[in-house]
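Asks: File start08.pdb below, PDB, C-alpha atoms:
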ATOM      1  CA  MET A  91      13.256  -3.902   6.839
ATOM      2  CA  ILE A  92      12.799  -3.766   3.024
ATOM      3  CA  ASP A  93      15.824  -2.962   0.875
ATOM      4  CA  VAL A  94      15.602  -2.838  -2.914
ATOM      5  CA  ARG A  95      18.973  -2.289  -4.591
ATOM      6  CA  ASP A  96      19.667  -1.750  -8.296
ATOM      7  CA  LEU A  97      16.634  -3.828  -9.217
ATOM      8  CA  CYS A  98      16.186  -4.782 -12.857
ATOM      9  CA  PHE A  99      13.151  -6.771 -13.888
ATOM     10  CA  HIS A 100      11.151  -7.631 -16.979
ATOM     11  CA  TYR A 101       8.572 -10.325 -17.557
ATOM     12  CA  GLN A 102       9.648 -13.299 -19.641
ATOM     13  CA  GLY A 103       8.882 -12.749 -23.318
ATOM     14  CA  SER A 104       8.526  -8.991 -22.908
ATOM     15  CA  LYS A 105      11.045  -6.355 -23.962
ATOM     16  CA  HIS A 106       9.550  -3.813 -21.581
ATOM     17  CA  GLN A 107      11.823  -3.194 -18.611
ATOM     18  CA  VAL A 108       9.530  -2.726 -15.604
ATOM     19  CA  PHE A 109      12.431  -1.753 -13.351
ATOM     20  CA  ASP A 110      15.867  -0.568 -14.429
ATOM     21  CA  ARG A 111      18.357  -0.117 -11.549
ATOM     22  CA  PHE A 112      15.525   0.779  -9.185
ATOM     23  CA  SER A 113      16.322   1.288  -5.489
ATOM     24  CA  LEU A 114      14.069   1.868  -2.479
ATOM     25  CA  GLN A 115      14.379   1.449   1.267
ATOM     26  CA  LEU A 116      11.373   1.136   3.592
ATOM     27  CA  GLN A 117      11.593   1.159   7.376
ATOM     28  CA  PRO A 118       9.447  -1.008   9.680
ATOM     29  CA  GLY A 119       6.454   0.153  11.665
ATOM     30  CA  SER A 120       4.744   2.421   9.120
ATOM     31  CA  VAL A 121       1.669   2.402   6.898
ATOM     32  CA  TYR A 122       2.977   3.156   3.408
ATOM     33  CA  GLY A 123       0.966   4.348   0.444
ATOM     34  CA  LEU A 124       2.607   3.116  -2.775
ATOM     35  CA  LEU A 125       1.395   5.378  -5.576
ATOM     36  CA  GLY A 126       2.108   5.553  -9.283
ATOM     37  CA  LYS A 127       0.500   5.637 -12.691
ATOM     38  CA  ASN A 128      -0.973   2.451 -14.127
ATOM     39  CA  GLY A 129       1.790   0.264 -15.528
ATOM     40  CA  THR A 130       4.609   1.701 -13.409
ATOM     41  CA  GLY A 131       5.184  -1.592 -11.579
ATOM     42  CA  LYS A 132       3.417  -1.120  -8.249
ATOM     43  CA  SER A 133       1.960  -4.638  -8.222
ATOM     44  CA  THR A 134       5.169  -6.111  -9.615
ATOM     45  CA  LEU A 135       7.154  -4.502  -6.804
ATOM     46  CA  LEU A 136       4.868  -6.063  -4.193
ATOM     47  CA  TYR A 137       5.267  -9.496  -5.797
ATOM     48  CA  LEU A 138       9.053  -9.073  -5.847
ATOM     49  CA  ILE A 139       9.069  -8.144  -2.168
ATOM     50  CA  ALA A 140       6.884 -11.166  -1.388
ATOM     51  CA  GLY A 141       9.260 -13.444  -3.291
ATOM     52  CA  LEU A 142       6.668 -14.387  -5.905
ATOM     53  CA  LEU A 143       8.920 -12.973  -8.641
ATOM     54  CA  ARG A 144      12.711 -13.095  -8.988
ATOM     55  CA  PRO A 145      14.809 -10.070 -10.031
ATOM     56  CA  ASN A 146      16.728 -10.308 -13.286
ATOM     57  CA  SER A 147      19.495  -8.506 -11.420
ATOM     58  CA  GLY A 148      19.891  -6.508  -8.246
ATOM     59  CA  THR A 149      18.484  -7.535  -4.866
ATOM     60  CA  VAL A 150      15.240  -7.363  -2.924
ATOM     61  CA  THR A 151      15.708  -8.204   0.743
ATOM     62  CA  VAL A 152      13.281  -8.408   3.653
ATOM     63  CA  ASN A 153      15.024  -8.361   7.030
ATOM     64  CA  ASP A 154      18.349  -9.076   5.283
ATOM     65  CA  LYS A 155      16.962 -12.160   3.494
ATOM     66  CA  GLU A 156      16.637 -12.214  -0.293
ATOM     67  CA  SER A 157      12.919 -12.512  -0.925
ATOM     68  CA  TRP A 158      13.103 -14.768  -3.999
ATOM     69  CA  LEU A 159      14.680 -17.532  -1.900
ATOM     70  CA  ARG A 160      11.332 -17.771  -0.048
ATOM     71  CA  LEU A 161      12.911 -18.942   3.175
ATOM     72  CA  PRO A 162      10.327 -20.195   5.698
ATOM     73  CA  GLU A 163      11.471 -17.717   8.342
ATOM     74  CA  MET A 164      10.751 -14.871   5.907
ATOM     75  CA  LEU A 165       7.500 -16.226   4.490
ATOM     76  CA  GLN A 166       5.914 -16.628   7.910
ATOM     77  CA  GLU A 167       6.329 -12.877   8.411
ATOM     78  CA  VAL A 168       5.023 -11.737   5.003
ATOM     79  CA  PHE A 169       1.481 -11.735   3.615
ATOM     80  CA  ILE A 170       0.191 -10.193   0.395
ATOM     81  CA  VAL A 171      -3.406  -9.450  -0.589
ATOM     82  CA  PRO A 172      -3.442  -9.309  -4.417
ATOM     83  CA  GLU A 173      -5.919  -7.187  -6.334
ATOM     84  CA  GLU A 174      -7.733 -10.210  -7.733
ATOM     85  CA  TYR A 175      -7.997 -13.692  -6.253
ATOM     86  CA  ALA A 176     -10.388 -16.603  -5.801
ATOM     87  CA  MET A 177     -11.260 -18.041  -2.423
ATOM     88  CA  PRO A 178     -10.041 -21.640  -2.019
ATOM     89  CA  ASP A 179     -12.448 -24.504  -2.603
ATOM     90  CA  MET A 180     -12.676 -25.437   1.063
ATOM     91  CA  SER A 181     -14.645 -24.584   4.149
ATOM     92  CA  PHE A 182     -13.950 -21.534   6.284
ATOM     93  CA  GLU A 183     -12.708 -23.790   9.102
ATOM     94  CA  ALA A 184     -10.300 -25.655   6.778
ATOM     95  CA  PHE A 185      -8.933 -22.345   5.446
ATOM     96  CA  ALA A 186      -8.348 -21.101   9.003
ATOM     97  CA  ASP A 187      -6.570 -24.376   9.874
ATOM     98  CA  MET A 188      -4.301 -23.943   6.859
ATOM     99  CA  MET A 189      -3.449 -20.368   7.867
ATOM    100  CA  ARG A 190      -2.598 -21.418  11.422
ATOM    101  CA  ALA A 191      -0.125 -23.960  10.073
ATOM    102  CA  PHE A 192       1.839 -21.378   8.067
ATOM    103  CA  TYR A 193       1.649 -18.322  10.322
ATOM    104  CA  PRO A 194       2.783 -18.840  13.936
ATOM    105  CA  HIS A 195       1.273 -15.513  15.092
ATOM    106  CA  PHE A 196      -2.170 -16.270  13.645
ATOM    107  CA  SER A 197      -4.958 -15.062  15.944
ATOM    108  CA  ASP A 198      -8.457 -16.511  15.844
ATOM    109  CA  GLU A 199      -9.597 -13.737  18.174
ATOM    110  CA  LEU A 200      -8.336 -11.076  15.783
ATOM    111  CA  LEU A 201      -9.940 -12.867  12.824
ATOM    112  CA  GLY A 202     -13.293 -12.810  14.608
ATOM    113  CA  LYS A 203     -12.979  -9.113  15.428
ATOM    114  CA  CYS A 204     -12.106  -8.198  11.829
ATOM    115  CA  LEU A 205     -15.013 -10.192  10.415
ATOM    116  CA  ALA A 206     -17.390  -8.591  12.908
ATOM    117  CA  ASP A 207     -16.165  -5.086  12.058
ATOM    118  CA  PHE A 208     -16.569  -5.903   8.361
ATOM    119  CA  GLU A 209     -20.154  -6.915   9.211
ATOM    120  CA  MET A 210     -19.509 -10.460   8.021
ATOM    121  CA  PRO A 211     -20.730 -13.677   9.715
ATOM    122  CA  ALA A 212     -18.305 -15.416  12.057
ATOM    123  CA  ARG A 213     -18.069 -18.416   9.694
ATOM    124  CA  PRO A 214     -18.908 -17.294   6.170
ATOM    125  CA  ASN A 215     -19.499 -19.757   3.360
ATOM    126  CA  LEU A 216     -16.518 -19.127   1.089
ATOM    127  CA  LYS A 217     -18.366 -20.479  -1.955
ATOM    128  CA  GLU A 218     -21.230 -17.982  -1.744
ATOM    129  CA  LEU A 219     -19.446 -14.649  -1.423
ATOM    130  CA  SER A 220     -19.646 -11.621  -3.672
ATOM    131  CA  MET A 221     -16.426  -9.941  -4.804
ATOM    132  CA  GLY A 222     -16.655  -7.355  -2.024
ATOM    133  CA  GLN A 223     -17.381 -10.020   0.593
ATOM    134  CA  LYS A 224     -14.408 -12.078  -0.575
ATOM    135  CA  LYS A 225     -12.184  -9.035  -0.077
ATOM    136  CA  LYS A 226     -13.507  -8.511   3.446
ATOM    137  CA  VAL A 227     -12.913 -12.146   4.404
ATOM    138  CA  TYR A 228      -9.479 -12.336   2.804
ATOM    139  CA  MET A 229      -8.335  -9.049   4.374
ATOM    140  CA  SER A 230      -9.591 -10.302   7.739
ATOM    141  CA  PHE A 231      -7.404 -13.377   7.354
ATOM    142  CA  ALA A 232      -4.493 -11.174   6.237
ATOM    143  CA  ILE A 233      -4.646  -9.066   9.372
ATOM    144  CA  ALA A 234      -5.171 -12.133  11.569
ATOM    145  CA  THR A 235      -1.928 -13.747  10.321
ATOM    146  CA  GLY A 236       0.045 -11.366  12.526
ATOM    147  CA  THR A 237       2.867 -11.055   9.991
ATOM    148  CA  ARG A 238       5.358  -8.244  10.475
ATOM    149  CA  LEU A 239       4.882  -7.221   6.835
ATOM    150  CA  LEU A 240       1.461  -6.982   5.196
ATOM    151  CA  MET A 241       0.950  -5.805   1.613
ATOM    152  CA  MET A 242      -2.359  -4.965  -0.086
ATOM    153  CA  ASP A 243      -2.788  -4.322  -3.806
ATOM    154  CA  GLU A 244      -5.804  -2.088  -4.584
ATOM    155  CA  PRO A 245      -7.659  -3.274  -1.462
ATOM    156  CA  THR A 246     -10.677  -0.990  -1.927
ATOM    157  CA  ASN A 247     -11.452  -2.099  -5.503
ATOM    158  CA  GLY A 248     -14.822  -3.826  -5.472
ATOM    159  CA  LEU A 249     -15.888  -2.298  -2.159
ATOM    160  CA  ASP A 250     -18.901   0.004  -1.935
ATOM    161  CA  ILE A 251     -18.669   3.315  -0.075
ATOM    162  CA  PRO A 252     -19.775   1.960   3.356
ATOM    163  CA  SER A 253     -17.364  -0.975   3.000
ATOM    164  CA  LYS A 254     -14.476   1.379   2.254
ATOM    165  CA  ALA A 255     -15.199   3.118   5.554
ATOM    166  CA  LEU A 256     -15.221  -0.291   7.285
ATOM    167  CA  PHE A 257     -11.857  -1.102   5.674
ATOM    168  CA  ARG A 258     -10.328   2.055   7.129
ATOM    169  CA  LYS A 259     -11.810   1.222  10.525
ATOM    170  CA  VAL A 260     -10.396  -2.313  10.525
ATOM    171  CA  VAL A 261      -6.900  -1.215   9.498
ATOM    172  CA  ALA A 262      -6.859   1.658  12.016
ATOM    173  CA  ASN A 263      -8.069  -0.587  14.838
ATOM    174  CA  TYR A 264      -5.933  -3.680  14.330
ATOM    175  CA  MET A 265      -2.641  -2.738  12.679
ATOM    176  CA  GLU A 266      -0.153  -2.732  15.569
ATOM    177  CA  ASP A 267       2.638  -0.171  15.642
ATOM    178  CA  ASP A 268       5.390  -2.722  14.991
ATOM    179  CA  ARG A 269       3.739  -4.054  11.816
ATOM    180  CA  THR A 270       4.439  -2.623   8.372
ATOM    181  CA  LEU A 271       1.615  -2.182   5.882
ATOM    182  CA  ILE A 272       2.142  -1.285   2.224
ATOM    183  CA  ILE A 273      -0.988  -0.293   0.315
ATOM    184  CA  SER A 274      -0.652   0.017  -3.449
ATOM    185  CA  THR A 275      -3.537   1.976  -4.914
ATOM    186  CA  HIS A 276      -4.662   4.632  -7.352
ATOM    187  CA  GLN A 277      -7.738   5.424  -5.231
ATOM    188  CA  VAL A 278      -5.872   7.740  -2.887
ATOM    189  CA  HIS A 279      -8.905   9.228  -1.167
ATOM    190  CA  ASP A 280      -9.850   5.770   0.125
ATOM    191  CA  ILE A 281      -6.674   5.454   2.180
ATOM    192  CA  GLU A 282      -5.171   8.895   2.811
ATOM    193  CA  SER A 283      -6.379   8.997   6.442
ATOM    194  CA  LEU A 284      -4.501   5.745   7.183
ATOM    195  CA  LEU A 285      -1.059   6.615   5.844
ATOM    196  CA  ASP A 286       1.934   7.899   7.714
ATOM    197  CA  HIS A 287       4.314   7.575   4.742
ATOM    198  CA  VAL A 288       4.013   8.081   0.979
ATOM    199  CA  VAL A 289       6.093   6.556  -1.830
ATOM    200  CA  ILE A 290       5.465   7.730  -5.408
ATOM    201  CA  ILE A 291       7.196   5.881  -8.252
ATOM    202  CA  ASN A 292       7.329   6.455 -12.006
ATOM    203  CA  GLN A 293       9.447   4.904 -14.755
ATOM    204  CA  SER A 294      11.861   3.087 -12.414
ATOM    205  CA  ARG A 295      12.336   6.240 -10.346
ATOM    206  CA  VAL A 296      11.302   7.099  -6.812
ATOM    207  CA  LEU A 297       9.798  10.544  -7.207
ATOM    208  CA  LEU A 298       8.903  10.929  -3.542
ATOM    209  CA  ASN A 299       9.581   8.908  -0.389
ATOM    210  CA  SER A 300       8.475  10.931   2.608
ATOM    211  CA  SER A 301       6.507  10.748   5.829
ATOM    212  CA  ILE A 302       3.180  12.545   6.089
ATOM    213  CA  ALA A 303       4.612  14.460   9.059
ATOM    214  CA  ASP A 304       7.507  15.773   6.973
ATOM    215  CA  LEU A 305       5.210  16.735   4.097
ATOM    216  CA  SER A 306       2.941  18.602   6.526
ATOM    217  CA  HIS A 307       5.986  20.385   7.935
ATOM    218  CA  ARG A 308       7.268  21.440   4.490
ATOM    219  CA  TYR A 309       4.121  22.253   2.539
ATOM    220  CA  ALA A 310       0.724  23.901   2.843
ATOM    221  CA  PHE A 311      -2.220  22.536   0.856
ATOM    222  CA  ARG A 312      -4.946  25.126   0.349
ATOM    223  CA  TYR A 313      -7.317  26.881  -2.042
ATOM    224  CA  VAL A 314      -6.555  30.367  -3.318
ATOM    225  CA  SER A 315      -8.221  32.733  -5.752
ATOM    226  CA  PRO A 316      -6.573  33.568  -9.104
ATOM    227  CA  GLN A 317      -5.678  36.992  -7.665
ATOM    228  CA  GLU A 318      -3.745  35.330  -4.813
ATOM    229  CA  MET A 319      -1.511  33.267  -7.100
ATOM    230  CA  ASP A 320       2.155  34.276  -6.867
ATOM    231  CA  ASP A 321       5.678  32.898  -7.218
ATOM    232  CA  THR A 322       5.453  30.982  -3.911
ATOM    233  CA  VAL A 323       2.980  28.503  -5.427
ATOM    234  CA  LEU A 324       4.804  25.252  -6.242
ATOM    235  CA  TYR A 325       1.903  23.521  -7.968
ATOM    236  CA  ALA A 326      -1.695  24.431  -8.766
ATOM    237  CA  GLU A 327      -4.832  22.887 -10.225
ATOM    238  CA  PRO A 328      -8.132  24.663 -10.956
ATOM    239  CA  SER A 329     -11.170  23.605  -8.931
ATOM    240  CA  LEU A 330     -14.662  24.837  -8.105
ATOM    241  CA  GLN A 331     -13.336  26.235  -4.788
ATOM    242  CA  GLY A 332     -10.583  28.184  -6.539
ATOM    243  CA  ASN A 333      -7.066  27.019  -7.339
ATOM    244  CA  ALA A 334      -5.936  24.023  -5.295
ATOM    245  CA  VAL A 335      -2.287  24.764  -4.552
ATOM    246  CA  ILE A 336       0.807  23.444  -2.831
ATOM    247  CA  MET A 337       3.146  26.053  -1.408
ATOM    248  CA  PRO A 338       5.780  26.304   1.325
ATOM    249  CA  ARG A 339       4.254  26.130   4.767
ATOM    250  CA  GLY A 340       4.013  29.377   6.694
ATOM    251  CA  ASP A 341       4.973  29.775  10.355
ATOM    252  CA  GLY A 342       2.408  28.130  12.594
ATOM    253  CA  GLU A 343       0.366  26.943   9.620
ATOM    254  CA  GLU A 344      -0.913  23.375   9.486
ATOM    255  CA  THR A 345      -2.933  21.873   6.649
ATOM    256  CA  GLN A 346      -3.977  18.356   5.710
ATOM    257  CA  VAL A 347      -1.949  16.663   2.971
ATOM    258  CA  ASP A 348      -3.970  16.309  -0.226
ATOM    259  CA  LEU A 349      -2.636  13.060  -1.666
ATOM    260  CA  GLU A 350      -4.155  13.480  -5.104
ATOM    261  CA  LEU A 351      -2.698  16.963  -5.455
ATOM    262  CA  LEU A 352       0.640  15.738  -4.087
ATOM    263  CA  PHE A 353       0.699  12.853  -6.557
ATOM    264  CA  ASN A 354       0.041  15.100  -9.540
ATOM    265  CA  ALA A 355       2.701  17.546  -8.336
ATOM    266  CA  ALA A 356       5.276  14.761  -7.984
ATOM    267  CA  ILE A 357       4.475  13.290 -11.410
ATOM    268  CA  SER A 358       4.877  16.739 -12.969
ATOM    269  CA  GLY A 359       8.240  17.241 -11.221
ATOM    270  CA  LYS A 360       7.116  20.134  -9.024
ATOM    271  CA  ILE A 361       7.581  18.215  -5.747
ATOM    272  CA  ASN A 362      10.421  15.801  -5.046
ATOM    273  CA  ASN A 363      12.561  14.268  -2.290
ATOM    274  CA  ARG A 364      14.755  17.319  -1.844
TER
END
Show the structure stored in the file as structure tokens.
Replies:
Amino acid sequence: MIDVRDLCFHYQGSKHQVFDRFSLQLQPGSVYGLLGKNGTGKSTLLYLIAGLLRPNSGTVTVNDKESWLRLPEMLQEVFIVPEEYAMPDMSFEAFADMMRAFYPHFSDELLGKCLADFEMPARPNLKELSMGQKKKVYMSFAIATGTRLLMMDEPTNGLDIPSKALFRKVVANYMEDDRTLIISTHQVHDIESLLDHVVIINQSRVLLNSSIADLSHRYAFRYVSPQEMDDTVLYAEPSLQGNAVIMPRGDGEETQVDLELLFNAAISGKINNR
């Protein structure tokens, strides 16, 4: 569904190359976590996929259509929730009318369900919302568009702890199996229960591109005492419970993937795509 080939990109007036011959392929029907250090281009990649930026060279295609061309048939199937935005200076009803015009699969019923689950009024006043409330309303509209591809950049920023739980509930309840969701974030604990695929990037390289199922099959994530440390440990970090470690999975063993530990292991080169 998404094919990035030999992508090179830098912002005008900057000598910093955000991407240098970067390639990545993402398949439809998954919830992806896009992880990376600050400044590695996570947001930029989302904007390139959405067609809001144009590659200097290489290609970014969505369903075999180059995204920068912003063809109507592609745009009606793509929606991006940026990290920061302002609600439009219009009424809730006018905003919903505008969305219906651009997105043929827009569902008023789904919009109402998302708002209710976010504990928001059915017709909020867009001019009187806090930052967290704006996020809830905008993400409700995003899900209600019914696009095949939905992207969210740091969606839990600005949400309090109860609202983060509501966000997970809304995504789990209303993201259909044939839709693709890409969540770019550095707050991995907010989203790890939602993901079925993880992509970790750094310095124009894909360090890891793997399903949660495959990671669970390959690795065990557990705590061990210093006396239990041996050559089978692939990566370790000290913690109050002992050493948090990643090691090859034993027969019949099943542990939950620790995304923060996995991220640090990938950045350090201890875990990769092989």
Asks: From the options A:Asp268, A:Asn354, A:Asn362, A:Lys259, which residue's atoms come nearest to Leu305 in chain A, counting only C-alpha atoms?
Replies: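 Ranking A:Asp268, A:Asn354, A:Asn362, A:Lys259 by distance to Leu305 in chain A, first place goes to A:Asn362.
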Asks: Name the residues in contact with Asp154 in chain A at a cut-off of 9 Å, using all atoms listed in the file, excluding same-chain residues fewer than 3 positions from it; report them as a list in words.
Replies: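 In the requested form, the answer reads Met91, Ile92, Asp93, Val150, Thr151 and Ser157 of chain A.
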Asks: Step by step, work through what the PyMOL selection byres ((chain A and resi 299) around 12) selects in the shown file, and finish by giving those residues as a short mmCIF file (atom, residue, chain, number, x, y, z; two decimals) with C-alpha atoms, in the frame of the given file.
Replies:
data_model
loop_
_atom_site.label_atom_id
_atom_site.label_comp_id
_atom_site.auth_asym_id
_atom_site.auth_seq_id
_atom_site.Cartn_x
_atom_site.Cartn_y
_atom_site.Cartn_z
CA SER A 113 16.32 1.29 -5.49
CA LEU A 114 14.07 1.87 -2.48
CA GLN A 115 14.38 1.45 1.27
CA LEU A 116 11.37 1.14 3.59
CA GLN A 117 11.59 1.16 7.38
CA TYR A 122 2.98 3.16 3.41
CA GLY A 123 0.97 4.35 0.44
CA LEU A 124 2.61 3.12 -2.78
CA LEU A 125 1.40 5.38 -5.58
CA ASP A 286 1.93 7.90 7.71
CA HIS A 287 4.31 7.58 4.74
CA VAL A 288 4.01 8.08 0.98
CA VAL A 289 6.09 6.56 -1.83
CA ILE A 290 5.46 7.73 -5.41
CA ILE A 291 7.20 5.88 -8.25
CA ARG A 295 12.34 6.24 -10.35
CA VAL A 296 11.30 7.10 -6.81
CA LEU A 297 9.80 10.54 -7.21
CA LEU A 298 8.90 10.93 -3.54
CA SER A 300 8.48 10.93 2.61
CA SER A 301 6.51 10.75 5.83
CA ILE A 302 3.18 12.54 6.09
CA ASP A 304 7.51 15.77 6.97
CA LEU A 305 5.21 16.74 4.10
CA LEU A 352 0.64 15.74 -4.09
CA PHE A 353 0.70 12.85 -6.56
CA ALA A 356 5.28 14.76 -7.98
CA ILE A 361 7.58 18.22 -5.75
CA ASN A 362 10.42 15.80 -5.05
CA ASN A 363 12.56 14.27 -2.29
CA ARG A 364 14.76 17.32 -1.84
#
Asks: Excluding Glu156 in chain A and any residue of its chain fewer than 2 positions from it, enumerate the residues within 12 Å of it, using only C-alpha atoms, and give them as an MDAnalysis selection string.
Replies: chainID A and resid 91:95 138:145 148:154 158:165
Asks: Using all atoms listed in the file, pick whichever of A:Gln317, A:Thr235, A:Gln223, A:Asn263 has the shortest atom-to-atom distance to Asp250 in chain A.
Replies: A:Gln223
Asks: Starting from the shown file, work through the PyMOL selection byres ((chain A and resi 169) around 6) and note down what comes out as an MDAnalysis selection string.
Replies: chainID A and resid 168 170 240
Asks: Create the file for the chosen residues now, containing C-alpha atoms and written as a PDB file, keeping the file's coordinate frame.
Replies:
ATOM      1  CA  VAL A 168       5.023 -11.737   5.003  1.00  0.00           C
ATOM      2  CA  ILE A 170       0.191 -10.193   0.395  1.00  0.00           C
ATOM      3  CA  LEU A 240       1.461  -6.982   5.196  1.00  0.00           C
TER       4      LEU A 240
END
Asks: Can you spell out as a list in words the set of residues that the PyMOL selection byres ((chain A and resi 183-196) around 7) selects in the structure I just provided?
Replies: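 Written out, the selection comes to Gln166, Met180, Ser181, Phe182, Ser197, Asp198, Ala234, Thr235, Gly236 and Thr237 of chain A.
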